[in-house]
>>> print(open('start.txt').read())   # compact mmCIF, C-alpha atoms
# COMPACT_ATOMS: atom_id res chain seq x y z
CA MET A 1 -66.59 81.64 -91.85
CA LYS A 2 -69.17 82.78 -89.30
CA ARG A 3 -68.17 82.52 -85.64
CA ILE A 4 -71.21 81.63 -83.58
CA ALA A 5 -72.18 82.10 -79.95
CA LEU A 6 -74.82 79.50 -79.09
CA LEU A 7 -76.93 80.19 -76.00
CA GLY A 8 -78.90 77.15 -74.89
CA SER A 9 -76.70 74.56 -76.56
CA THR A 10 -78.12 71.48 -74.80
CA GLY A 11 -81.79 72.11 -75.64
CA SER A 12 -83.56 70.84 -78.74
CA ILE A 13 -82.83 73.92 -80.88
CA GLY A 14 -79.27 74.12 -79.56
CA ARG A 15 -78.51 70.50 -80.43
CA GLN A 16 -80.01 70.90 -83.90
CA THR A 17 -77.99 74.08 -84.43
CA LEU A 18 -74.87 72.04 -83.81
CA ASP A 19 -76.11 69.52 -86.38
CA VAL A 20 -76.09 72.34 -88.93
CA VAL A 21 -72.53 73.23 -87.91
CA ARG A 22 -71.58 69.58 -88.45
CA TRP A 23 -73.13 69.75 -91.93
CA HIS A 24 -71.05 72.82 -92.82
CA PRO A 25 -67.80 72.93 -90.83
CA GLU A 26 -66.30 75.13 -93.55
CA GLU A 27 -69.04 77.75 -93.02
CA PHE A 28 -69.54 77.92 -89.25
CA GLN A 29 -67.31 77.81 -86.19
CA VAL A 30 -68.62 77.45 -82.63
CA HIS A 31 -66.90 80.27 -80.78
CA ALA A 32 -69.00 80.14 -77.59
CA LEU A 33 -71.27 77.57 -75.96
CA VAL A 34 -73.69 78.38 -73.14
CA ALA A 35 -75.94 75.97 -71.24
CA ALA A 36 -78.10 76.29 -68.16
CA ARG A 37 -76.40 73.66 -66.00
CA PRO A 38 -73.70 71.00 -66.02
CA SER A 39 -74.48 67.86 -68.00
CA PRO A 40 -72.73 65.10 -69.94
CA VAL A 41 -74.31 66.56 -73.11
CA PHE A 42 -72.65 69.94 -72.52
CA ASP A 43 -69.32 68.31 -71.69
CA ALA A 44 -69.49 66.34 -74.94
CA GLN A 45 -70.29 69.49 -76.92
CA VAL A 46 -67.32 71.34 -75.45
CA ASN A 47 -65.03 68.39 -76.18
CA GLU A 48 -66.25 68.16 -79.77
CA PHE A 49 -66.34 71.83 -80.79
CA HIS A 50 -63.60 73.28 -78.56
CA PRO A 51 -65.24 76.72 -78.17
CA ARG A 52 -63.02 79.57 -77.00
CA LEU A 53 -65.73 80.53 -74.51
CA ALA A 54 -68.01 78.23 -72.52
CA CYS A 55 -70.17 78.92 -69.48
CA LEU A 56 -73.19 77.83 -67.45
CA THR A 57 -75.89 80.41 -66.79
CA THR A 58 -76.73 79.01 -63.36
CA ALA A 59 -73.14 79.52 -62.28
CA GLU A 60 -72.09 82.74 -63.99
CA GLY A 61 -75.22 84.82 -64.56
CA SER A 62 -76.37 87.34 -67.14
CA ASP A 63 -73.30 89.60 -66.96
CA ARG A 64 -71.13 86.78 -68.26
CA LEU A 65 -73.62 86.12 -71.08
CA ILE A 66 -73.59 89.78 -72.09
CA GLY A 67 -69.81 89.71 -72.22
CA ILE A 68 -69.88 86.63 -74.45
CA VAL A 69 -72.43 87.93 -76.98
CA CYS A 70 -70.62 91.27 -77.22
CA ASP A 71 -67.22 89.65 -77.81
CA SER A 72 -65.61 91.24 -80.87
CA ASP A 73 -64.88 87.83 -82.40
CA ILE A 74 -68.55 86.80 -82.48
CA ASP A 75 -70.28 87.17 -85.87
CA LEU A 76 -73.70 85.72 -84.99
CA VAL A 77 -75.57 85.04 -81.75
CA VAL A 78 -78.03 82.15 -81.62
CA VAL A 79 -80.47 82.52 -78.71
CA ALA A 80 -81.96 79.07 -78.08
CA THR A 81 -82.48 79.47 -74.33
CA SER A 82 -85.87 79.18 -72.67
CA GLY A 83 -87.40 81.66 -70.25
CA THR A 84 -86.21 85.13 -69.34
CA VAL A 85 -82.48 84.31 -69.29
CA GLY A 86 -82.29 85.30 -72.96
CA PHE A 87 -83.63 88.85 -72.51
CA ARG A 88 -80.53 90.81 -71.60
CA PRO A 89 -78.08 88.94 -73.87
CA THR A 90 -80.40 89.39 -76.87
CA ILE A 91 -80.76 93.12 -76.34
CA ALA A 92 -77.05 93.51 -75.56
CA ALA A 93 -76.07 91.67 -78.74
CA LEU A 94 -78.39 93.82 -80.86
CA ASN A 95 -77.11 96.99 -79.19
CA ALA A 96 -73.60 95.84 -80.11
CA GLY A 97 -74.65 95.41 -83.72
CA LYS A 98 -74.54 91.61 -83.67
CA PRO A 99 -77.02 89.65 -85.81
CA VAL A 100 -79.26 87.54 -83.57
CA ALA A 101 -80.90 84.28 -84.67
CA LEU A 102 -83.78 84.03 -82.23
CA ALA A 103 -85.59 80.88 -81.10
CA ASN A 104 -86.56 82.15 -77.64
CA LYS A 105 -90.28 82.94 -77.67
CA GLU A 106 -90.30 84.78 -74.35
CA THR A 107 -87.90 87.44 -75.59
CA LEU A 108 -90.27 88.75 -78.27
CA ILE A 109 -93.52 88.02 -76.47
CA MET A 110 -92.51 89.73 -73.24
CA ALA A 111 -90.07 92.38 -74.47
CA GLY A 112 -90.83 92.76 -78.18
CA HIS A 113 -90.80 96.55 -78.04
CA LEU A 114 -87.36 96.59 -76.40
CA VAL A 115 -85.91 94.03 -78.80
CA THR A 116 -87.16 95.74 -81.95
CA GLU A 117 -86.05 99.15 -80.67
CA ALA A 118 -82.53 97.78 -80.11
CA ALA A 119 -82.43 96.18 -83.55
CA SER A 120 -83.70 99.34 -85.21
CA ALA A 121 -81.22 101.58 -83.39
CA SER A 122 -78.15 99.51 -84.30
CA GLY A 123 -79.29 98.13 -87.65
CA ALA A 124 -78.49 94.60 -86.49
CA PRO A 125 -80.71 91.97 -88.13
CA LEU A 126 -83.12 89.88 -86.06
CA LEU A 127 -83.31 86.45 -87.73
CA PRO A 128 -86.25 84.17 -86.85
CA ILE A 129 -85.66 80.46 -86.27
CA ASP A 130 -89.21 79.21 -85.59
CA SER A 131 -90.38 77.33 -88.67
CA GLU A 132 -93.49 79.49 -89.07
CA HIS A 133 -91.65 82.78 -88.85
CA SER A 134 -88.82 81.52 -91.02
CA ALA A 135 -91.43 80.58 -93.62
CA ILE A 136 -92.91 84.09 -93.57
CA TRP A 137 -89.44 85.63 -93.70
CA GLN A 138 -88.57 83.53 -96.76
CA CYS A 139 -91.84 84.46 -98.49
CA LEU A 140 -91.15 88.14 -97.85
CA GLN A 141 -87.73 88.20 -99.50
CA GLY A 142 -87.77 90.99 -102.09
CA GLU A 143 -91.19 92.24 -100.96
CA GLN A 144 -90.25 95.29 -98.88
CA PRO A 145 -91.83 97.60 -97.85
CA TYR A 146 -94.23 95.16 -96.22
CA ALA A 147 -96.91 97.72 -95.39
CA GLU A 148 -97.47 98.51 -99.07
CA ARG A 149 -97.41 94.93 -100.36
CA VAL A 150 -98.67 92.54 -97.69
CA GLN A 151 -102.36 91.99 -97.01
CA ARG A 152 -101.99 89.38 -94.26
CA LEU A 153 -99.81 86.65 -92.81
CA LEU A 154 -101.19 83.13 -92.36
CA LEU A 155 -99.57 80.99 -89.69
CA THR A 156 -100.27 77.29 -90.08
CA ALA A 157 -101.04 75.12 -87.05
CA SER A 158 -101.21 71.35 -86.78
CA GLY A 159 -104.10 71.55 -84.31
CA GLY A 160 -102.31 69.35 -81.80
CA ALA A 161 -103.32 66.06 -80.28
CA PHE A 162 -107.06 66.77 -80.12
CA ARG A 163 -107.66 68.41 -83.49
CA ASP A 164 -110.03 65.62 -84.57
CA ARG A 165 -111.93 65.41 -81.29
CA PRO A 166 -115.04 67.45 -80.45
CA VAL A 167 -114.67 70.12 -77.82
CA GLU A 168 -117.16 68.33 -75.56
CA SER A 169 -114.77 65.37 -75.21
CA LEU A 170 -111.82 67.35 -73.83
CA GLU A 171 -112.91 67.81 -70.22
CA GLY A 172 -111.12 64.77 -68.82
CA VAL A 173 -108.19 64.28 -71.19
CA THR A 174 -104.87 63.26 -69.62
CA PRO A 175 -101.36 64.64 -70.07
CA ALA A 176 -100.37 61.41 -71.80
CA GLU A 177 -103.10 61.95 -74.40
CA ALA A 178 -102.22 65.61 -74.90
CA LEU A 179 -98.55 64.74 -75.49
CA GLN A 180 -99.36 62.67 -78.59
CA HIS A 181 -98.56 65.28 -81.22
CA PRO A 182 -99.65 64.16 -84.70
CA THR A 183 -96.63 65.36 -86.72
CA TRP A 184 -93.83 66.99 -84.67
CA SER A 185 -91.57 65.55 -81.98
CA MET A 186 -91.18 68.31 -79.36
CA GLY A 187 -90.77 68.86 -75.63
CA PRO A 188 -93.73 68.43 -73.25
CA LYS A 189 -94.53 72.11 -72.75
CA ILE A 190 -94.63 73.10 -76.41
CA THR A 191 -96.61 69.93 -77.22
CA ILE A 192 -99.31 70.94 -74.73
CA ASP A 193 -99.24 74.48 -76.15
CA SER A 194 -99.88 72.93 -79.56
CA ALA A 195 -102.89 71.05 -78.18
CA THR A 196 -104.36 74.28 -76.74
CA LEU A 197 -103.16 76.40 -79.71
CA VAL A 198 -101.65 78.86 -77.24
CA ASN A 199 -98.37 78.27 -79.06
CA LYS A 200 -99.91 79.74 -82.20
CA GLY A 201 -101.20 82.72 -80.25
CA LEU A 202 -97.69 83.33 -78.97
CA GLU A 203 -96.40 83.06 -82.54
CA VAL A 204 -98.95 85.66 -83.66
CA ILE A 205 -97.45 88.09 -81.13
CA GLU A 206 -93.95 87.23 -82.32
CA ALA A 207 -94.97 87.77 -85.96
CA HIS A 208 -96.36 91.19 -85.06
CA TRP A 209 -92.97 92.26 -83.70
CA LEU A 210 -90.85 90.56 -86.35
CA PHE A 211 -92.71 91.85 -89.39
CA GLY A 212 -94.48 94.96 -88.11
CA LEU A 213 -98.00 93.99 -89.20
CA PRO A 214 -101.08 94.77 -87.10
CA PHE A 215 -102.84 91.87 -85.39
CA ASP A 216 -105.80 92.17 -87.75
CA GLY A 217 -103.37 91.26 -90.54
CA ILE A 218 -102.19 88.00 -88.94
CA ASP A 219 -104.37 84.88 -89.17
CA VAL A 220 -104.08 81.24 -88.13
CA ILE A 221 -105.23 78.24 -90.16
CA ILE A 222 -105.20 74.51 -89.33
CA HIS A 223 -102.99 72.43 -91.64
CA HIS A 224 -102.78 68.76 -90.74
CA GLN A 225 -99.72 67.70 -92.70
CA SER A 226 -97.27 70.33 -91.27
CA VAL A 227 -95.76 70.70 -94.74
CA VAL A 228 -96.82 74.30 -95.47
CA HIS A 229 -95.07 76.17 -92.69
CA SER A 230 -96.79 79.51 -93.29
CA LEU A 231 -98.12 81.75 -96.06
CA VAL A 232 -98.19 85.41 -97.05
CA GLU A 233 -101.10 87.02 -98.93
CA PHE A 234 -100.25 90.15 -100.90
CA VAL A 235 -102.44 93.12 -101.80
CA ASP A 236 -102.97 91.83 -105.35
CA GLY A 237 -104.42 88.56 -104.04
CA SER A 238 -101.31 86.49 -104.74
CA VAL A 239 -100.23 84.06 -102.00
CA LYS A 240 -96.74 82.72 -101.36
CA ALA A 241 -96.19 79.62 -99.24
CA GLN A 242 -93.03 78.00 -97.91
CA LEU A 243 -93.08 74.21 -97.85
CA GLY A 244 -90.70 71.62 -96.46
CA ILE A 245 -90.42 68.50 -94.37
CA PRO A 246 -90.94 69.07 -90.62
CA ASP A 247 -87.23 69.37 -89.74
CA MET A 248 -86.16 72.31 -87.57
CA ARG A 249 -82.60 72.12 -88.87
CA LEU A 250 -83.75 73.68 -92.15
CA PRO A 251 -85.02 77.01 -90.71
CA ILE A 252 -82.02 77.04 -88.36
CA GLN A 253 -79.66 76.69 -91.31
CA TYR A 254 -81.51 79.40 -93.23
CA ALA A 255 -80.99 81.83 -90.34
CA LEU A 256 -77.34 80.90 -89.84
CA ALA A 257 -76.42 81.15 -93.51
CA HIS A 258 -78.52 84.19 -94.44
CA PRO A 259 -78.36 85.83 -96.96
CA ARG A 260 -77.03 82.67 -98.63
CA ARG A 261 -78.96 79.42 -99.02
CA LEU A 262 -76.83 76.33 -98.46
CA ALA A 263 -77.34 72.73 -99.47
CA ALA A 264 -78.55 70.44 -96.68
CA PRO A 265 -78.25 66.64 -96.30
CA ALA A 266 -81.88 66.41 -95.16
CA ASP A 267 -84.78 64.39 -96.52
CA ARG A 268 -86.60 65.93 -99.45
CA LEU A 269 -90.28 66.80 -99.61
CA ASP A 270 -92.22 64.30 -101.74
CA LEU A 271 -95.59 65.88 -102.52
CA ALA A 272 -96.73 62.92 -104.59
CA ALA A 273 -96.16 60.61 -101.62
CA ILE A 274 -98.09 62.98 -99.33
CA GLY A 275 -100.93 63.06 -101.83
CA LYS A 276 -102.88 66.03 -100.53
CA LEU A 277 -102.59 69.11 -98.35
CA THR A 278 -105.62 70.06 -96.26
CA PHE A 279 -106.59 73.27 -94.47
CA GLU A 280 -109.44 74.29 -92.19
CA SER A 281 -110.52 77.22 -90.03
CA VAL A 282 -109.76 77.26 -86.32
CA ASP A 283 -112.63 76.20 -84.04
CA ARG A 284 -112.47 79.06 -81.52
CA ARG A 285 -114.58 77.10 -78.97
CA LYS A 286 -112.02 74.30 -78.93
CA TYR A 287 -109.04 76.68 -78.75
CA PRO A 288 -109.99 79.63 -76.48
CA GLY A 289 -106.32 80.29 -75.74
CA LEU A 290 -105.83 81.65 -79.24
CA ASP A 291 -108.27 84.53 -78.72
CA LEU A 292 -106.74 85.25 -75.32
CA ALA A 293 -103.36 85.64 -77.02
CA TYR A 294 -104.78 87.98 -79.65
CA ALA A 295 -106.37 90.10 -76.90
CA ALA A 296 -103.12 90.25 -74.91
CA GLY A 297 -101.16 91.19 -78.01
CA ARG A 298 -103.56 93.95 -78.97
CA ASP A 299 -103.62 95.36 -75.43
CA GLY A 300 -99.81 95.26 -75.35
CA GLY A 301 -97.70 96.49 -72.47
CA THR A 302 -97.20 93.74 -69.91
CA TYR A 303 -100.29 91.75 -70.97
CA PRO A 304 -98.28 89.41 -73.27
CA THR A 305 -95.91 88.78 -70.35
CA VAL A 306 -98.83 87.76 -68.15
CA LEU A 307 -100.26 85.59 -70.93
CA ASN A 308 -96.99 83.71 -71.30
CA ALA A 309 -96.31 83.29 -67.57
CA ALA A 310 -99.85 82.22 -66.68
CA ASN A 311 -99.81 79.69 -69.51
CA GLU A 312 -96.49 78.24 -68.37
CA GLU A 313 -97.77 77.80 -64.82
CA ALA A 314 -101.06 76.29 -66.00
CA VAL A 315 -99.33 73.85 -68.34
CA ALA A 316 -96.93 72.77 -65.59
CA LEU A 317 -99.89 72.11 -63.28
CA PHE A 318 -101.70 70.16 -66.00
CA LEU A 319 -98.63 67.99 -66.64
CA ALA A 320 -98.41 67.35 -62.89
CA HIS A 321 -102.10 66.30 -62.84
CA GLY A 322 -102.98 69.36 -60.76
CA LEU A 323 -105.25 71.04 -63.33
CA GLY A 324 -107.69 69.92 -66.00
CA PHE A 325 -106.80 70.46 -69.65
CA THR A 326 -109.74 72.75 -70.36
CA ARG A 327 -108.87 74.87 -67.30
CA ILE A 328 -105.58 76.05 -68.79
CA ALA A 329 -107.38 78.82 -70.66
CA ASP A 330 -109.31 79.70 -67.48
CA VAL A 331 -106.07 80.36 -65.62
CA ILE A 332 -104.78 82.60 -68.41
CA SER A 333 -108.06 84.52 -68.61
CA ALA A 334 -108.16 85.09 -64.86
CA ALA A 335 -104.59 86.40 -64.80
CA LEU A 336 -105.19 88.78 -67.70
CA GLN A 337 -108.36 90.14 -66.09
CA ALA A 338 -106.65 90.70 -62.72
CA HIS A 339 -103.54 92.34 -64.14
CA HIS A 340 -102.93 96.10 -64.07
CA ALA A 341 -100.67 96.55 -67.09
CA CYS A 342 -97.74 98.86 -67.65
CA ALA A 343 -98.07 100.37 -71.14
CA HIS A 344 -94.38 100.60 -72.13
CA PRO A 345 -92.50 98.51 -69.58
CA SER A 346 -88.80 98.46 -68.89
CA LEU A 347 -87.03 95.10 -68.74
CA GLU A 348 -87.31 95.18 -64.94
CA GLN A 349 -91.07 95.80 -65.14
CA VAL A 350 -91.41 92.90 -67.59
CA VAL A 351 -89.64 90.61 -65.12
CA GLU A 352 -91.86 91.88 -62.28
CA ALA A 353 -95.02 91.23 -64.32
CA ASP A 354 -93.79 87.72 -65.09
CA ALA A 355 -93.27 86.97 -61.39
CA TRP A 356 -96.66 88.45 -60.49
CA ALA A 357 -98.48 86.35 -63.08
CA ARG A 358 -96.82 83.13 -61.93
CA ASP A 359 -97.69 83.78 -58.31
CA PHE A 360 -101.26 84.81 -59.18
CA SER A 361 -101.81 81.71 -61.33
CA ARG A 362 -100.62 79.31 -58.63
CA ARG A 363 -102.75 81.02 -55.99
CA TRP A 364 -105.80 81.11 -58.29
CA VAL A 365 -105.60 77.38 -58.94
CA SER A 366 -104.96 76.48 -55.30
CA GLY A 367 -107.96 78.60 -54.28
CA ARG A 368 -110.20 76.39 -56.40
>>> encode(input="start.txt", output="structure tokens")
Amino acid sequence: MKRIALLGSTGSIGRQTLDVVRWHPEEFQVHALVAARPSPVFDAQVNEFHPRLACLTTAEGSDRLIGIVCDSDIDLVVVATSGTVGFRPTIAALNAGKPVALANKETLIMAGHLVTEAASASGAPLLPIDSEHSAIWQCLQGEQPYAERVQRLLLTASGGAFRDRPVESLEGVTPAEALQHPTWSMGPKITIDSATLVNKGLEVIEAHWLFGLPFDGIDVIIHHQSVVHSLVEFVDGSVKAQLGIPDMRLPIQYALAHPRRLAAPADRLDLAAIGKLTFESVDRRKYPGLDLAYAAGRDGGTYPTVLNAANEEAVALFLAHGLGFTRIADVISAALQAHHACAHPSLEQVVEADAWARDFSRRWVSGR
């Protein structure tokens, strides 16, 4: 039985992780639960799973989290937090040799070099939870070494709420319109990121760190049905794809159970009912945020940190009706151009760059 520390238990990924535990109580035990703040949801989780350790990050801070993930009784750490709170616990867990199932984008985008260095030094596995990265990971089973066998990775994207609208019609779209995702049910921020395709740019950076491929070997393709979660093209021209219903509990379970594959009481994929799977190239004029993410990833250092922070501030302003939808990419571009990057930043320098980018983005918007 695997004893799990779950960081971010009350968020969407955290709640679905606990669904997987409910599916397989003989396989997984919740040893530690961590949430950001008090809530009835967290109280209910503690009462149901009776973890030996439970804490709130707002009350106890990162030192307490590091102590939890390094606990000798923990077999697997699931990092489902948002923001920078997951940085230090992730690196501490990897340094302690603990496998980490990672759903926190910021950790790899902002500190990918530090995370992969820690995993490499200890030999602890870094297990992706995002559906796209889980799909690539599954396709790559038995295909090491990647550099000799893989030609490119193809991340699929739904295209978001405006995929069928011309770019000229996006100037005055509202937050309510942008939140109408065609296939997934997600939180507001990630739904807006899907509409701008910045989310896919962030995933490109994550894929670079997870699988060690150069950015020229990672592509994005629009796939309306959200059934093919990603693909891998090999040097002989063969392509593997991972398909499944859009249910995040499946990639979560794959990470938790690895290297085993467990049964799941989830709906099954019915290709005959779907009828067809369609794909198309990304319209770079409609989705300028994607190229900004590629540029930040290639430049490296603290540029991905600035990309992520500026995007978060711009999306928050858009949702609050303080910024136009098409201006989100303008904010990101301005922040990247104004930033003086650190080439190989420490964790403290990453946090400083994050704060700088947020302040710059707010000031840039208010100045216009």
>>> atom_distance(input="start.txt", atom1="atom CA of A:Ile66", atom2="atom CA of A:Ala93")
7.3 Å
>>> closest_atom_pairs(input="start.txt", of="stretch 41-113 of chain A", to="stretch 130-136 of chain A", cutoff="10 Å", atoms="all atoms listed in the file", output="CSV")
residue,atom,partner,partner_atom,distance
A:Ala101,CA,A:Asp130,CA,9.8
A:Leu102,CA,A:Asp130,CA,8.0
A:Ala103,CA,A:Asp130,CA,6.0
A:Asn104,CA,A:Asp130,CA,8.9
A:Lys105,CA,A:Asp130,CA,8.8
>>> residues_around(input="start.txt", residues="A:Ser122", least_positions_apart="2", cutoff="10 Å", atoms="only C-alpha atoms", output="VMD selection string")
chain A and resid 93 to 98 117 to 120 124 to 125
>>> write_last_selection(input="start.txt", atoms="C-alpha atoms", output="tab-separated table (two decimals), in the frame of the given file")
chain	number	residue	atom	x	y	z
A	93	ALA	CA	-76.07	91.67	-78.74
A	94	LEU	CA	-78.39	93.82	-80.86
A	95	ASN	CA	-77.11	96.99	-79.19
A	96	ALA	CA	-73.60	95.84	-80.11
A	97	GLY	CA	-74.65	95.41	-83.72
A	98	LYS	CA	-74.54	91.61	-83.67
A	117	GLU	CA	-86.05	99.15	-80.67
A	118	ALA	CA	-82.53	97.78	-80.11
A	119	ALA	CA	-82.43	96.18	-83.55
A	120	SER	CA	-83.70	99.34	-85.21
A	124	ALA	CA	-78.49	94.60	-86.49
A	125	PRO	CA	-80.71	91.97	-88.13
>>> atom_distance(input="start.txt", atom1="atom CA of A:Gln151", atom2="atom CA of A:Gly217")
6.6 Å
>>> residues_around(input="start.txt", residues="A:Ala147", least_positions_apart="4", cutoff="12 Å", atoms="all atoms listed in the file", output="list in words")
Leu140, Glu143, Gln151, Arg152, Leu153, Phe211, Gly212, Leu213, Pro214, Gly217, Phe234 and Val235 of chain A
>>> write_last_selection(input="start.txt", atoms="C-alpha atoms", output="tab-separated table (two decimals), keeping the file's coordinate frame")
chain	number	residue	atom	x	y	z
A	140	LEU	CA	-91.15	88.14	-97.85
A	143	GLU	CA	-91.19	92.24	-100.96
A	151	GLN	CA	-102.36	91.99	-97.01
A	152	ARG	CA	-101.99	89.38	-94.26
A	153	LEU	CA	-99.81	86.65	-92.81
A	211	PHE	CA	-92.71	91.85	-89.39
A	212	GLY	CA	-94.48	94.96	-88.11
A	213	LEU	CA	-98.00	93.99	-89.20
A	214	PRO	CA	-101.08	94.77	-87.10
A	217	GLY	CA	-103.37	91.26	-90.54
A	234	PHE	CA	-100.25	90.15	-100.90
A	235	VAL	CA	-102.44	93.12	-101.80
>>> residues_around(input="start.txt", residues="stretch 239-243 of chain A", least_positions_apart="3", cutoff="7 Å", atoms="all atoms listed in the file", output="MDAnalysis selection string")
chainID A and resid 135 139 227:234
>>> atom_distance(input="start.txt", atom1="atom CA of A:His181", atom2="atom CA of A:Leu108")
25.1 Å
>>> closest_residue(input="start.txt", among="A:Glu312, A:Asp73, A:Glu206, A:Asp283", to="A:Ile190", atoms="all atoms listed in the file")
A:Glu312
>>> residues_around(input="start.txt", residues="stretch 297-299 of chain A", least_positions_apart="3", cutoff="6 Å", atoms="all atoms listed in the file", output="list in words")
Ile205, Tyr294 and Pro304 of chain A
>>> closest_residue(input="start.txt", among="A:Ile109, A:Leu290, A:Ala157, A:Ile245", to="A:Thr278", atoms="only C-alpha atoms")
A:Ala157
>>> residues_around(input="start.txt", residues="stretch 335-348 of chain A", least_positions_apart="5", cutoff="9 Å", atoms="all atoms listed in the file", output="PyMOL selection string")
chain A and resi 87-88+110-111+113-114+292+296+299-304+306-307+310+330+353+356-358+360-361+364
>>> closest_residue(input="start.txt", among="A:Met186, A:Thr156, A:Glu171, A:Ala255", to="A:Leu76", atoms="only C-alpha atoms")
A:Ala255
>>> residues_near_point(input="start.txt", point="(-76.8, 78.3, -84.4)", cutoff="8 Å", atoms="all atoms listed in the file", output="list in words")
Ile4, Ala5, Leu6, Gly14, Thr17, Leu18, Val20, Val21, Val77, Val78, Val79, Ala101, Ile252, Gln253 and Leu256 of chain A
>>> write_last_selection(input="start.txt", atoms="C-alpha atoms", output="PDB file, in the frame of the given file")
ATOM      1  CA  ILE A   4     -71.210  81.630 -83.580  1.00  0.00           C
ATOM      2  CA  ALA A   5     -72.180  82.100 -79.950  1.00  0.00           C
ATOM      3  CA  LEU A   6     -74.820  79.500 -79.090  1.00  0.00           C
ATOM      4  CA  GLY A  14     -79.270  74.120 -79.560  1.00  0.00           C
ATOM      5  CA  THR A  17     -77.990  74.080 -84.430  1.00  0.00           C
ATOM      6  CA  LEU A  18     -74.870  72.040 -83.810  1.00  0.00           C
ATOM      7  CA  VAL A  20     -76.090  72.340 -88.930  1.00  0.00           C
ATOM      8  CA  VAL A  21     -72.530  73.230 -87.910  1.00  0.00           C
ATOM      9  CA  VAL A  77     -75.570  85.040 -81.750  1.00  0.00           C
ATOM     10  CA  VAL A  78     -78.030  82.150 -81.620  1.00  0.00           C
ATOM     11  CA  VAL A  79     -80.470  82.520 -78.710  1.00  0.00           C
ATOM     12  CA  ALA A 101     -80.900  84.280 -84.670  1.00  0.00           C
ATOM     13  CA  ILE A 252     -82.020  77.040 -88.360  1.00  0.00           C
ATOM     14  CA  GLN A 253     -79.660  76.690 -91.310  1.00  0.00           C
ATOM     15  CA  LEU A 256     -77.340  80.900 -89.840  1.00  0.00           C
TER      16      LEU A 256
END
>>> closest_residue(input="start.txt", among="A:Val30, A:Ala207, A:Leu53, A:Leu7", to="A:Val85", atoms="only C-alpha atoms")
A:Leu7
>>> build_atoms(input="start.txt", residues="stretch 319-331 of chain A", atoms="N, CA and C atoms", output="PDB file, keeping the file's coordinate frame")
ATOM      1  N   LEU A 319     -99.551  69.122 -66.479  1.00  0.00           N
ATOM      2  CA  LEU A 319     -98.630  67.990 -66.640  1.00  0.00           C
ATOM      3  C   LEU A 319     -98.415  67.246 -65.339  1.00  0.00           C
ATOM      4  N   ALA A 320     -98.565  67.965 -64.213  1.00  0.00           N
ATOM      5  CA  ALA A 320     -98.410  67.350 -62.890  1.00  0.00           C
ATOM      6  C   ALA A 320     -99.744  66.824 -62.352  1.00  0.00           C
ATOM      7  N   HIS A 321    -100.767  66.786 -63.199  1.00  0.00           N
ATOM      8  CA  HIS A 321    -102.100  66.300 -62.840  1.00  0.00           C
ATOM      9  C   HIS A 321    -102.772  67.163 -61.769  1.00  0.00           C
ATOM     10  N   GLY A 322    -102.384  68.457 -61.727  1.00  0.00           N
ATOM     11  CA  GLY A 322    -102.980  69.360 -60.760  1.00  0.00           C
ATOM     12  C   GLY A 322    -104.005  70.309 -61.358  1.00  0.00           C
ATOM     13  N   LEU A 323    -104.320  70.142 -62.644  1.00  0.00           N
ATOM     14  CA  LEU A 323    -105.250  71.040 -63.330  1.00  0.00           C
ATOM     15  C   LEU A 323    -105.803  70.320 -64.541  1.00  0.00           C
ATOM     16  N   GLY A 324    -107.083  70.505 -64.817  1.00  0.00           N
ATOM     17  CA  GLY A 324    -107.690  69.920 -66.000  1.00  0.00           C
ATOM     18  C   GLY A 324    -107.259  70.628 -67.267  1.00  0.00           C
ATOM     19  N   PHE A 325    -107.251  69.908 -68.375  1.00  0.00           N
ATOM     20  CA  PHE A 325    -106.800  70.460 -69.650  1.00  0.00           C
ATOM     21  C   PHE A 325    -107.602  71.699 -70.045  1.00  0.00           C
ATOM     22  N   THR A 326    -108.901  71.628 -69.935  1.00  0.00           N
ATOM     23  CA  THR A 326    -109.740  72.750 -70.360  1.00  0.00           C
ATOM     24  C   THR A 326    -109.658  73.944 -69.418  1.00  0.00           C
ATOM     25  N   ARG A 327    -109.014  73.771 -68.263  1.00  0.00           N
ATOM     26  CA  ARG A 327    -108.870  74.870 -67.300  1.00  0.00           C
ATOM     27  C   ARG A 327    -107.625  75.714 -67.574  1.00  0.00           C
ATOM     28  N   ILE A 328    -106.776  75.265 -68.480  1.00  0.00           N
ATOM     29  CA  ILE A 328    -105.580  76.050 -68.790  1.00  0.00           C
ATOM     30  C   ILE A 328    -105.969  77.444 -69.262  1.00  0.00           C
ATOM     31  N   ALA A 329    -106.925  77.516 -70.166  1.00  0.00           N
ATOM     32  CA  ALA A 329    -107.380  78.820 -70.660  1.00  0.00           C
ATOM     33  C   ALA A 329    -108.030  79.643 -69.554  1.00  0.00           C
ATOM     34  N   ASP A 330    -108.689  78.981 -68.588  1.00  0.00           N
ATOM     35  CA  ASP A 330    -109.310  79.700 -67.480  1.00  0.00           C
ATOM     36  C   ASP A 330    -108.264  80.412 -66.626  1.00  0.00           C
ATOM     37  N   VAL A 331    -107.147  79.754 -66.401  1.00  0.00           N
ATOM     38  CA  VAL A 331    -106.070  80.360 -65.620  1.00  0.00           C
ATOM     39  C   VAL A 331    -105.534  81.596 -66.331  1.00  0.00           C
TER      40      VAL A 331
END
